[in-house]
>>> print(open('data-v3.cif').read())   # mmCIF, N, CA and C atoms
data_protein
loop_
_atom_site.group_PDB
_atom_site.id
_atom_site.type_symbol
_atom_site.label_atom_id
_atom_site.label_comp_id
_atom_site.auth_asym_id
_atom_site.auth_seq_id
_atom_site.Cartn_x
_atom_site.Cartn_y
_atom_site.Cartn_z
ATOM 1 N N MET A 1 0.849 -1.171 0.000
ATOM 2 C CA MET A 1 0.000 0.000 0.000
ATOM 3 C C MET A 1 0.897 1.238 0.000
ATOM 4 N N ILE A 2 0.560 2.217 -0.808
ATOM 5 C CA ILE A 2 1.335 3.456 -0.900
ATOM 6 C C ILE A 2 0.628 4.525 -0.085
ATOM 7 N N PHE A 3 1.385 5.236 0.772
ATOM 8 C CA PHE A 3 0.833 6.301 1.602
ATOM 9 C C PHE A 3 1.335 7.641 1.089
ATOM 10 N N SER A 4 0.418 8.579 0.969
ATOM 11 C CA SER A 4 0.822 9.928 0.572
ATOM 12 C C SER A 4 1.367 10.654 1.804
ATOM 13 N N ASP A 5 2.068 11.774 1.589
ATOM 14 C CA ASP A 5 2.589 12.558 2.709
ATOM 15 C C ASP A 5 1.474 13.015 3.628
ATOM 16 N N SER A 6 0.331 13.385 3.065
ATOM 17 C CA SER A 6 -0.770 13.872 3.906
ATOM 18 C C SER A 6 -1.296 12.761 4.807
ATOM 19 N N MET A 7 -1.237 11.507 4.362
ATOM 20 C CA MET A 7 -1.692 10.408 5.198
ATOM 21 C C MET A 7 -0.723 10.174 6.352
ATOM 22 N N ARG A 8 0.578 10.348 6.117
ATOM 23 C CA ARG A 8 1.560 10.161 7.178
ATOM 24 C C ARG A 8 1.414 11.226 8.265
ATOM 25 N N CYS A 9 0.924 12.402 7.910
ATOM 26 C CA CYS A 9 0.799 13.512 8.848
ATOM 27 C C CYS A 9 -0.557 13.506 9.557
ATOM 28 N N MET A 10 -1.395 12.577 9.214
ATOM 29 C CA MET A 10 -2.741 12.531 9.754
ATOM 30 C C MET A 10 -2.707 12.473 11.272
ATOM 31 N N LYS A 11 -3.562 13.235 11.897
ATOM 32 C CA LYS A 11 -3.618 13.283 13.354
ATOM 33 C C LYS A 11 -5.006 12.906 13.824
ATOM 34 N N ALA A 12 -5.056 11.981 14.742
ATOM 35 C CA ALA A 12 -6.324 11.633 15.384
ATOM 36 C C ALA A 12 -6.494 12.547 16.589
ATOM 37 N N VAL A 13 -7.721 12.973 16.812
ATOM 38 C CA VAL A 13 -8.028 13.889 17.900
ATOM 39 C C VAL A 13 -9.143 13.288 18.745
ATOM 40 N N ILE A 14 -8.964 13.343 20.053
ATOM 41 C CA ILE A 14 -10.025 12.950 20.974
ATOM 42 C C ILE A 14 -10.323 14.180 21.821
ATOM 43 N N VAL A 15 -11.543 14.667 21.716
ATOM 44 C CA VAL A 15 -11.930 15.855 22.469
ATOM 45 C C VAL A 15 -12.984 15.448 23.498
ATOM 46 N N THR A 16 -12.763 15.856 24.728
ATOM 47 C CA THR A 16 -13.725 15.620 25.803
ATOM 48 C C THR A 16 -14.451 16.928 26.069
ATOM 49 N N TYR A 17 -15.771 16.851 26.138
ATOM 50 C CA TYR A 17 -16.603 18.022 26.426
ATOM 51 C C TYR A 17 -17.414 17.752 27.693
ATOM 52 N N VAL A 18 -17.458 18.712 28.585
ATOM 53 C CA VAL A 18 -18.342 18.651 29.741
ATOM 54 C C VAL A 18 -19.406 19.723 29.505
ATOM 55 N N VAL A 19 -20.598 19.256 29.196
ATOM 56 C CA VAL A 19 -21.687 20.135 28.762
ATOM 57 C C VAL A 19 -22.465 20.657 29.969
ATOM 58 N N ARG A 20 -22.919 21.892 29.853
ATOM 59 C CA ARG A 20 -23.750 22.477 30.907
ATOM 60 C C ARG A 20 -25.032 21.660 31.032
ATOM 61 N N LYS A 21 -25.407 21.355 32.243
ATOM 62 C CA LYS A 21 -26.613 20.565 32.510
ATOM 63 C C LYS A 21 -27.829 21.242 31.863
ATOM 64 N N GLY A 22 -28.630 20.438 31.185
ATOM 65 C CA GLY A 22 -29.818 20.935 30.504
ATOM 66 C C GLY A 22 -29.572 21.404 29.083
ATOM 67 N N ARG A 23 -28.313 21.417 28.644
ATOM 68 C CA ARG A 23 -27.968 21.888 27.294
ATOM 69 C C ARG A 23 -27.520 20.744 26.389
ATOM 70 N N GLU A 24 -27.731 19.507 26.843
ATOM 71 C CA GLU A 24 -27.208 18.344 26.124
ATOM 72 C C GLU A 24 -27.758 18.210 24.705
ATOM 73 N N LYS A 25 -29.044 18.356 24.514
ATOM 74 C CA LYS A 25 -29.634 18.192 23.172
ATOM 75 C C LYS A 25 -29.106 19.255 22.212
ATOM 76 N N GLU A 26 -29.038 20.491 22.695
ATOM 77 C CA GLU A 26 -28.508 21.580 21.865
ATOM 78 C C GLU A 26 -27.037 21.312 21.526
ATOM 79 N N PHE A 27 -26.294 20.790 22.495
ATOM 80 C CA PHE A 27 -24.893 20.470 22.251
ATOM 81 C C PHE A 27 -24.765 19.375 21.197
ATOM 82 N N GLU A 28 -25.595 18.350 21.286
ATOM 83 C CA GLU A 28 -25.535 17.260 20.306
ATOM 84 C C GLU A 28 -25.792 17.772 18.895
ATOM 85 N N ARG A 29 -26.762 18.666 18.747
ATOM 86 C CA ARG A 29 -27.026 19.258 17.417
ATOM 87 C C ARG A 29 -25.807 20.064 16.951
ATOM 88 N N THR A 30 -25.230 20.810 17.868
ATOM 89 C CA THR A 30 -24.068 21.639 17.536
ATOM 90 C C THR A 30 -22.865 20.776 17.193
ATOM 91 N N LEU A 31 -22.674 19.679 17.908
ATOM 92 C CA LEU A 31 -21.562 18.768 17.644
ATOM 93 C C LEU A 31 -21.673 18.165 16.243
ATOM 94 N N ARG A 32 -22.881 17.807 15.834
ATOM 95 C CA ARG A 32 -23.077 17.275 14.475
ATOM 96 C C ARG A 32 -22.786 18.354 13.422
ATOM 97 N N LYS A 33 -23.195 19.578 13.721
ATOM 98 C CA LYS A 33 -22.922 20.698 12.821
ATOM 99 C C LYS A 33 -21.411 20.941 12.732
ATOM 100 N N HIS A 34 -20.728 20.796 13.854
ATOM 101 C CA HIS A 34 -19.275 20.953 13.913
ATOM 102 C C HIS A 34 -18.599 20.046 12.890
ATOM 103 N N TRP A 35 -18.997 18.780 12.889
ATOM 104 C CA TRP A 35 -18.408 17.829 11.946
ATOM 105 C C TRP A 35 -18.685 18.254 10.512
ATOM 106 N N LYS A 36 -19.912 18.665 10.218
ATOM 107 C CA LYS A 36 -20.246 19.072 8.845
ATOM 108 C C LYS A 36 -19.395 20.261 8.399
ATOM 109 N N ILE A 37 -19.159 21.190 9.312
ATOM 110 C CA ILE A 37 -18.336 22.359 8.964
ATOM 111 C C ILE A 37 -16.889 21.943 8.721
ATOM 112 N N LEU A 38 -16.317 21.146 9.625
ATOM 113 C CA LEU A 38 -14.930 20.702 9.428
ATOM 114 C C LEU A 38 -14.784 19.937 8.117
ATOM 115 N N CYS A 39 -15.742 19.082 7.824
ATOM 116 C CA CYS A 39 -15.724 18.291 6.594
ATOM 117 C C CYS A 39 -15.898 19.202 5.378
ATOM 118 N N GLY A 40 -16.842 20.133 5.470
ATOM 119 C CA GLY A 40 -17.097 21.072 4.375
ATOM 120 C C GLY A 40 -15.909 21.962 4.067
ATOM 121 N N GLU A 41 -15.124 22.274 5.080
ATOM 122 C CA GLU A 41 -13.918 23.092 4.896
ATOM 123 C C GLU A 41 -12.720 22.226 4.471
ATOM 124 N N ARG A 42 -12.961 20.924 4.333
ATOM 125 C CA ARG A 42 -11.933 19.952 3.935
ATOM 126 C C ARG A 42 -10.762 19.925 4.917
ATOM 127 N N LEU A 43 -11.089 19.961 6.198
ATOM 128 C CA LEU A 43 -10.083 19.957 7.254
ATOM 129 C C LEU A 43 -9.897 18.573 7.869
ATOM 130 N N THR A 44 -10.860 17.690 7.651
ATOM 131 C CA THR A 44 -10.805 16.350 8.222
ATOM 132 C C THR A 44 -10.736 15.308 7.116
ATOM 133 N N THR A 45 -10.378 14.098 7.520
ATOM 134 C CA THR A 45 -10.429 13.000 6.561
ATOM 135 C C THR A 45 -11.903 12.630 6.361
ATOM 136 N N GLU A 46 -12.156 11.701 5.484
ATOM 137 C CA GLU A 46 -13.531 11.268 5.234
ATOM 138 C C GLU A 46 -14.011 10.250 6.264
ATOM 139 N N GLN A 47 -13.128 9.851 7.171
ATOM 140 C CA GLN A 47 -13.503 8.933 8.242
ATOM 141 C C GLN A 47 -14.579 9.597 9.114
ATOM 142 N N ILE A 48 -15.714 8.955 9.229
ATOM 143 C CA ILE A 48 -16.806 9.495 10.039
ATOM 144 C C ILE A 48 -16.371 9.517 11.501
ATOM 145 N N PRO A 49 -16.623 10.629 12.208
ATOM 146 C CA PRO A 49 -16.159 10.720 13.593
ATOM 147 C C PRO A 49 -16.983 9.828 14.523
ATOM 148 N N PHE A 50 -16.382 9.493 15.642
ATOM 149 C CA PHE A 50 -17.116 8.822 16.716
ATOM 150 C C PHE A 50 -17.618 9.921 17.636
ATOM 151 N N LEU A 51 -18.904 9.927 17.909
ATOM 152 C CA LEU A 51 -19.500 10.852 18.857
ATOM 153 C C LEU A 51 -20.050 10.006 19.994
ATOM 154 N N LEU A 52 -19.495 10.178 21.178
ATOM 155 C CA LEU A 52 -19.807 9.312 22.307
ATOM 156 C C LEU A 52 -20.325 10.129 23.492
ATOM 157 N N ARG A 53 -21.183 9.490 24.293
ATOM 158 C CA ARG A 53 -21.714 10.120 25.501
ATOM 159 C C ARG A 53 -21.549 9.144 26.657
ATOM 160 N N ASP A 54 -21.059 9.641 27.771
ATOM 161 C CA ASP A 54 -20.823 8.814 28.944
ATOM 162 C C ASP A 54 -22.156 8.446 29.587
ATOM 163 N N PRO A 55 -22.515 7.154 29.640
ATOM 164 C CA PRO A 55 -23.804 6.759 30.215
ATOM 165 C C PRO A 55 -23.882 6.986 31.727
ATOM 166 N N GLU A 56 -22.733 7.027 32.389
ATOM 167 C CA GLU A 56 -22.727 7.247 33.834
ATOM 168 C C GLU A 56 -22.685 8.725 34.198
ATOM 169 N N ASN A 57 -22.234 9.550 33.280
ATOM 170 C CA ASN A 57 -22.195 10.998 33.484
ATOM 171 C C ASN A 57 -22.639 11.644 32.170
ATOM 172 N N PRO A 58 -23.947 11.760 31.959
ATOM 173 C CA PRO A 58 -24.482 12.147 30.644
ATOM 174 C C PRO A 58 -24.171 13.557 30.172
ATOM 175 N N THR A 59 -23.442 14.348 30.957
ATOM 176 C CA THR A 59 -23.016 15.655 30.455
ATOM 177 C C THR A 59 -21.604 15.594 29.864
ATOM 178 N N VAL A 60 -21.003 14.402 29.854
ATOM 179 C CA VAL A 60 -19.653 14.239 29.309
ATOM 180 C C VAL A 60 -19.725 13.535 27.951
ATOM 181 N N TYR A 61 -19.121 14.163 26.969
ATOM 182 C CA TYR A 61 -19.104 13.657 25.592
ATOM 183 C C TYR A 61 -17.662 13.510 25.130
ATOM 184 N N LYS A 62 -17.464 12.622 24.151
ATOM 185 C CA LYS A 62 -16.176 12.462 23.465
ATOM 186 C C LYS A 62 -16.440 12.570 21.970
ATOM 187 N N GLU A 63 -15.545 13.232 21.299
ATOM 188 C CA GLU A 63 -15.580 13.318 19.838
ATOM 189 C C GLU A 63 -14.209 12.846 19.356
ATOM 190 N N VAL A 64 -14.197 11.878 18.443
ATOM 191 C CA VAL A 64 -12.951 11.336 17.912
ATOM 192 C C VAL A 64 -12.985 11.508 16.400
ATOM 193 N N PHE A 65 -11.983 12.219 15.874
ATOM 194 C CA PHE A 65 -11.920 12.416 14.428
ATOM 195 C C PHE A 65 -10.472 12.592 14.002
ATOM 196 N N GLU A 66 -10.250 12.696 12.685
ATOM 197 C CA GLU A 66 -8.905 12.844 12.142
ATOM 198 C C GLU A 66 -8.793 14.134 11.342
ATOM 199 N N TRP A 67 -7.783 14.936 11.664
ATOM 200 C CA TRP A 67 -7.473 16.080 10.815
ATOM 201 C C TRP A 67 -6.912 15.550 9.508
ATOM 202 N N ARG A 68 -7.171 16.237 8.423
ATOM 203 C CA ARG A 68 -6.652 15.819 7.108
ATOM 204 C C ARG A 68 -5.124 15.906 7.072
ATOM 205 N N SER A 69 -4.575 16.932 7.684
ATOM 206 C CA SER A 69 -3.125 17.139 7.704
ATOM 207 C C SER A 69 -2.759 17.952 8.937
ATOM 208 N N ARG A 70 -1.465 18.106 9.156
ATOM 209 C CA ARG A 70 -1.024 18.947 10.279
ATOM 210 C C ARG A 70 -1.524 20.369 10.112
ATOM 211 N N ARG A 71 -1.518 20.834 8.912
ATOM 212 C CA ARG A 71 -1.917 22.221 8.616
ATOM 213 C C ARG A 71 -3.417 22.439 8.824
ATOM 214 N N SER A 72 -4.209 21.404 8.780
ATOM 215 C CA SER A 72 -5.664 21.540 8.919
ATOM 216 C C SER A 72 -6.062 22.209 10.230
ATOM 217 N N PHE A 73 -5.379 21.855 11.314
ATOM 218 C CA PHE A 73 -5.681 22.447 12.615
ATOM 219 C C PHE A 73 -5.426 23.952 12.568
ATOM 220 N N GLU A 74 -4.331 24.357 11.939
ATOM 221 C CA GLU A 74 -4.016 25.776 11.791
ATOM 222 C C GLU A 74 -5.067 26.472 10.926
ATOM 223 N N LYS A 75 -5.466 25.826 9.835
ATOM 224 C CA LYS A 75 -6.489 26.403 8.954
ATOM 225 C C LYS A 75 -7.813 26.577 9.690
ATOM 226 N N ALA A 76 -8.125 25.643 10.575
ATOM 227 C CA ALA A 76 -9.372 25.739 11.346
ATOM 228 C C ALA A 76 -9.395 27.027 12.167
ATOM 229 N N HIS A 77 -8.240 27.424 12.673
ATOM 230 C CA HIS A 77 -8.163 28.645 13.475
ATOM 231 C C HIS A 77 -8.295 29.909 12.636
ATOM 232 N N GLN A 78 -8.212 29.764 11.325
ATOM 233 C CA GLN A 78 -8.356 30.903 10.425
ATOM 234 C C GLN A 78 -9.740 30.951 9.782
ATOM 235 N N SER A 79 -10.529 29.923 9.958
ATOM 236 C CA SER A 79 -11.847 29.830 9.329
ATOM 237 C C SER A 79 -12.920 30.487 10.204
ATOM 238 N N GLU A 80 -13.638 31.431 9.649
ATOM 239 C CA GLU A 80 -14.722 32.094 10.389
ATOM 240 C C GLU A 80 -15.820 31.105 10.770
ATOM 241 N N LYS A 81 -16.131 30.177 9.868
ATOM 242 C CA LYS A 81 -17.175 29.182 10.158
ATOM 243 C C LYS A 81 -16.776 28.291 11.325
ATOM 244 N N VAL A 82 -15.535 27.828 11.319
ATOM 245 C CA VAL A 82 -15.062 26.955 12.396
ATOM 246 C C VAL A 82 -15.011 27.731 13.709
ATOM 247 N N GLN A 83 -14.493 28.939 13.669
ATOM 248 C CA GLN A 83 -14.415 29.747 14.886
ATOM 249 C C GLN A 83 -15.802 30.000 15.472
ATOM 250 N N ALA A 84 -16.788 30.233 14.621
ATOM 251 C CA ALA A 84 -18.158 30.475 15.091
ATOM 252 C C ALA A 84 -18.735 29.240 15.788
ATOM 253 N N ILE A 85 -18.522 28.062 15.201
ATOM 254 C CA ILE A 85 -19.076 26.844 15.821
ATOM 255 C C ILE A 85 -18.311 26.517 17.105
ATOM 256 N N TRP A 86 -17.015 26.789 17.137
ATOM 257 C CA TRP A 86 -16.248 26.564 18.371
ATOM 258 C C TRP A 86 -16.735 27.492 19.485
ATOM 259 N N ARG A 87 -17.050 28.737 19.150
ATOM 260 C CA ARG A 87 -17.589 29.658 20.170
ATOM 261 C C ARG A 87 -18.910 29.137 20.716
ATOM 262 N N LYS A 88 -19.756 28.635 19.825
ATOM 263 C CA LYS A 88 -21.047 28.069 20.239
ATOM 264 C C LYS A 88 -20.827 26.873 21.168
ATOM 265 N N MET A 89 -19.878 26.008 20.813
ATOM 266 C CA MET A 89 -19.587 24.840 21.643
ATOM 267 C C MET A 89 -19.062 25.269 23.019
ATOM 268 N N MET A 90 -18.252 26.308 23.051
ATOM 269 C CA MET A 90 -17.744 26.805 24.331
ATOM 270 C C MET A 90 -18.872 27.365 25.188
ATOM 271 N N ASP A 91 -19.844 28.000 24.554
ATOM 272 C CA ASP A 91 -21.007 28.524 25.291
ATOM 273 C C ASP A 91 -21.826 27.406 25.929
ATOM 274 N N LEU A 92 -21.820 26.237 25.315
ATOM 275 C CA LEU A 92 -22.628 25.114 25.786
ATOM 276 C C LEU A 92 -21.909 24.224 26.785
ATOM 277 N N THR A 93 -20.618 24.477 26.996
ATOM 278 C CA THR A 93 -19.842 23.632 27.914
ATOM 279 C C THR A 93 -19.484 24.403 29.181
ATOM 280 N N GLU A 94 -19.164 23.635 30.211
ATOM 281 C CA GLU A 94 -18.713 24.230 31.475
ATOM 282 C C GLU A 94 -17.395 24.961 31.241
ATOM 283 N N ALA A 95 -17.091 25.927 32.086
ATOM 284 C CA ALA A 95 -15.801 26.616 32.006
ATOM 285 C C ALA A 95 -14.694 25.574 32.122
ATOM 286 N N GLY A 96 -13.766 25.594 31.193
ATOM 287 C CA GLY A 96 -12.695 24.601 31.188
ATOM 288 C C GLY A 96 -13.175 23.223 30.779
ATOM 289 N N GLY A 97 -14.374 23.137 30.207
ATOM 290 C CA GLY A 97 -14.995 21.854 29.899
ATOM 291 C C GLY A 97 -14.679 21.274 28.542
ATOM 292 N N ILE A 98 -13.634 21.767 27.898
ATOM 293 C CA ILE A 98 -13.199 21.195 26.619
ATOM 294 C C ILE A 98 -11.734 20.813 26.769
ATOM 295 N N GLU A 99 -11.456 19.520 26.562
ATOM 296 C CA GLU A 99 -10.078 19.029 26.682
ATOM 297 C C GLU A 99 -9.710 18.300 25.401
ATOM 298 N N LEU A 100 -8.612 18.731 24.787
ATOM 299 C CA LEU A 100 -8.163 18.189 23.517
ATOM 300 C C LEU A 100 -6.968 17.269 23.725
ATOM 301 N N ALA A 101 -6.979 16.126 23.068
ATOM 302 C CA ALA A 101 -5.836 15.218 23.065
ATOM 303 C C ALA A 101 -5.584 14.798 21.619
ATOM 304 N N ARG A 102 -4.334 14.897 21.162
ATOM 305 C CA ARG A 102 -3.997 14.531 19.785
ATOM 306 C C ARG A 102 -3.113 13.287 19.779
ATOM 307 N N PHE A 103 -3.324 12.470 18.773
ATOM 308 C CA PHE A 103 -2.564 11.241 18.626
ATOM 309 C C PHE A 103 -2.103 11.091 17.194
ATOM 310 N N LYS A 104 -0.991 10.430 17.004
ATOM 311 C CA LYS A 104 -0.483 10.126 15.677
ATOM 312 C C LYS A 104 -0.705 8.646 15.411
ATOM 313 N N GLU A 105 -1.146 8.337 14.211
ATOM 314 C CA GLU A 105 -1.370 6.946 13.825
ATOM 315 C C GLU A 105 -0.043 6.184 13.797
ATOM 316 N N ILE A 106 -0.067 4.937 14.277
ATOM 317 C CA ILE A 106 1.156 4.125 14.255
ATOM 318 C C ILE A 106 0.980 2.939 13.318
#
>>> encode(input="data-v3.cif", output="structure tokens")
Amino acid sequence: MIFSDSMRCMKAVIVTYVVRKGREKEFERTLRKHWKILCGERLTTEQIPFLLRDPENPTVYKEVFEWRSRRSFEKAHQSEKVQAIWRKMMDLTEAGGIELARFKEI
């Protein structure tokens, strides 16, 4: 199998969100919109993200997806659409309630 340079630079991201109580449904809609925006801006791979909710603590969510390249994360910070959805997500989460972890494929 031949890998392109962009595939070697691919980064998996696991984001933990702690959502404000009572805002879970709105957050879920926003999280789905988040994926559509990242995909529409061609910042992620075509791998469908995992969207998870903790059954024991239903205000805690995980989102797992792959950036298309190292530069994609930087481009996201320059995109008005991405910045707008990130602000909305921050409004729906507890203070300090977004934790990002990045991984490289092995």
>>> closest_residue(input="data-v3.cif", among="A:Arg102, A:Tyr17, A:Leu38, A:Gly97", to="Thr59 of chain A", atoms="all atoms listed in the file")
A:Tyr17
>>> select_by_dssp(input="data-v3.cif", residues="chain A", states="strand (DSSP E or B)", output="number ranges by chain")
A: 11-19, 44, 50-53, 60-67, 93-104
>>> residues_around(input="data-v3.cif", residues="segment 40-55 of chain A", least_positions_apart="6", cutoff="6 Å", atoms="all atoms listed in the file", output="PDB file with N, CA and C atoms, in the frame of the given file")
ATOM      1  N   TYR A  61     -19.121  14.163  26.969  1.00  0.00           N
ATOM      2  CA  TYR A  61     -19.104  13.657  25.592  1.00  0.00           C
ATOM      3  C   TYR A  61     -17.662  13.510  25.130  1.00  0.00           C
ATOM      4  N   LYS A  62     -17.464  12.622  24.151  1.00  0.00           N
ATOM      5  CA  LYS A  62     -16.176  12.462  23.465  1.00  0.00           C
ATOM      6  C   LYS A  62     -16.440  12.570  21.970  1.00  0.00           C
ATOM      7  N   GLU A  63     -15.545  13.232  21.299  1.00  0.00           N
ATOM      8  CA  GLU A  63     -15.580  13.318  19.838  1.00  0.00           C
ATOM      9  C   GLU A  63     -14.209  12.846  19.356  1.00  0.00           C
ATOM     10  N   VAL A  64     -14.197  11.878  18.443  1.00  0.00           N
ATOM     11  CA  VAL A  64     -12.951  11.336  17.912  1.00  0.00           C
ATOM     12  C   VAL A  64     -12.985  11.508  16.400  1.00  0.00           C
ATOM     13  N   PHE A  65     -11.983  12.219  15.874  1.00  0.00           N
ATOM     14  CA  PHE A  65     -11.920  12.416  14.428  1.00  0.00           C
ATOM     15  C   PHE A  65     -10.472  12.592  14.002  1.00  0.00           C
ATOM     16  N   GLU A  66     -10.250  12.696  12.685  1.00  0.00           N
ATOM     17  CA  GLU A  66      -8.905  12.844  12.142  1.00  0.00           C
ATOM     18  C   GLU A  66      -8.793  14.134  11.342  1.00  0.00           C
ATOM     19  N   TRP A  67      -7.783  14.936  11.664  1.00  0.00           N
ATOM     20  CA  TRP A  67      -7.473  16.080  10.815  1.00  0.00           C
ATOM     21  C   TRP A  67      -6.912  15.550   9.508  1.00  0.00           C
ATOM     22  N   ARG A  68      -7.171  16.237   8.423  1.00  0.00           N
ATOM     23  CA  ARG A  68      -6.652  15.819   7.108  1.00  0.00           C
ATOM     24  C   ARG A  68      -5.124  15.906   7.072  1.00  0.00           C
ATOM     25  N   SER A  69      -4.575  16.932   7.684  1.00  0.00           N
ATOM     26  CA  SER A  69      -3.125  17.139   7.704  1.00  0.00           C
ATOM     27  C   SER A  69      -2.759  17.952   8.937  1.00  0.00           C
ATOM     28  N   SER A  72      -4.209  21.404   8.780  1.00  0.00           N
ATOM     29  CA  SER A  72      -5.664  21.540   8.919  1.00  0.00           C
ATOM     30  C   SER A  72      -6.062  22.209  10.230  1.00  0.00           C
TER      31      SER A  72
END
>>> closest_residue(input="data-v3.cif", among="A:Ala101, A:His77, A:Gln83, A:Val60", to="Phe27 of chain A", atoms="only C-alpha atoms")
A:Val60
>>> atom_distance(input="data-v3.cif", atom1="atom N of Ser79 of chain A", atom2="atom C of Gly22 of chain A")
28.3 Å
>>> atom_distance(input="data-v3.cif", atom1="atom C of Met90 of chain A", atom2="atom C of Arg71 of chain A")
23.0 Å
>>> resolve_selection(input="data-v3.cif", expression="the PyMOL selection byres ((chain A and resi 99) around 7)", output="VMD selection string")
chain A and resid 14 to 18 96 to 98 100 to 101
>>> residues_around(input="data-v3.cif", residues="Arg29 of chain A", least_positions_apart="6", cutoff="12 Å", atoms="only C-alpha atoms", output="short mmCIF file (atom, residue, chain, number, x, y, z; two decimals) with N, CA and C atoms, in the frame of the given file")
data_model
loop_
_atom_site.label_atom_id
_atom_site.label_comp_id
_atom_site.auth_asym_id
_atom_site.auth_seq_id
_atom_site.Cartn_x
_atom_site.Cartn_y
_atom_site.Cartn_z
N ARG A 23 -28.31 21.42 28.64
CA ARG A 23 -27.97 21.89 27.29
C ARG A 23 -27.52 20.74 26.39
N TRP A 35 -19.00 18.78 12.89
CA TRP A 35 -18.41 17.83 11.95
C TRP A 35 -18.68 18.25 10.51
N LYS A 36 -19.91 18.66 10.22
CA LYS A 36 -20.25 19.07 8.85
C LYS A 36 -19.40 20.26 8.40
N LEU A 51 -18.90 9.93 17.91
CA LEU A 51 -19.50 10.85 18.86
C LEU A 51 -20.05 10.01 19.99
N ILE A 85 -18.52 28.06 15.20
CA ILE A 85 -19.08 26.84 15.82
C ILE A 85 -18.31 26.52 17.10
N LYS A 88 -19.76 28.64 19.82
CA LYS A 88 -21.05 28.07 20.24
C LYS A 88 -20.83 26.87 21.17
N MET A 89 -19.88 26.01 20.81
CA MET A 89 -19.59 24.84 21.64
C MET A 89 -19.06 25.27 23.02
N LEU A 92 -21.82 26.24 25.32
CA LEU A 92 -22.63 25.11 25.79
C LEU A 92 -21.91 24.22 26.78
#
>>> atom_distance(input="data-v3.cif", atom1="atom CA of Glu24 of chain A", atom2="atom N of Val82 of chain A")
21.1 Å
>>> select_by_dssp(input="data-v3.cif", residues="segment 37-84 of chain A", states="helix (DSSP H, G or I)", output="MDAnalysis selection string")
chainID A and resid 37:40 70:76 80:84
>>> axis_aligned_box(input="data-v3.cif", around="segment 26-40 of chain A", padding_each_side="5 Å", output="AutoDock Vina command-line options")
--center_x -21.9 --center_y 19.8 --center_z 13.4 --size_x 24.3 --size_y 15.1 --size_z 28.6
>>> closest_residue(input="data-v3.cif", among="A:Asn57, A:Glu74, A:Arg87, A:Lys11", to="Leu31 of chain A", atoms="only C-alpha atoms")
A:Arg87
>>> closest_residue(input="data-v3.cif", among="A:Pro58, A:Phe73, A:Lys25, A:Lys81", to="Ile37 of chain A", atoms="all atoms listed in the file")
A:Lys81
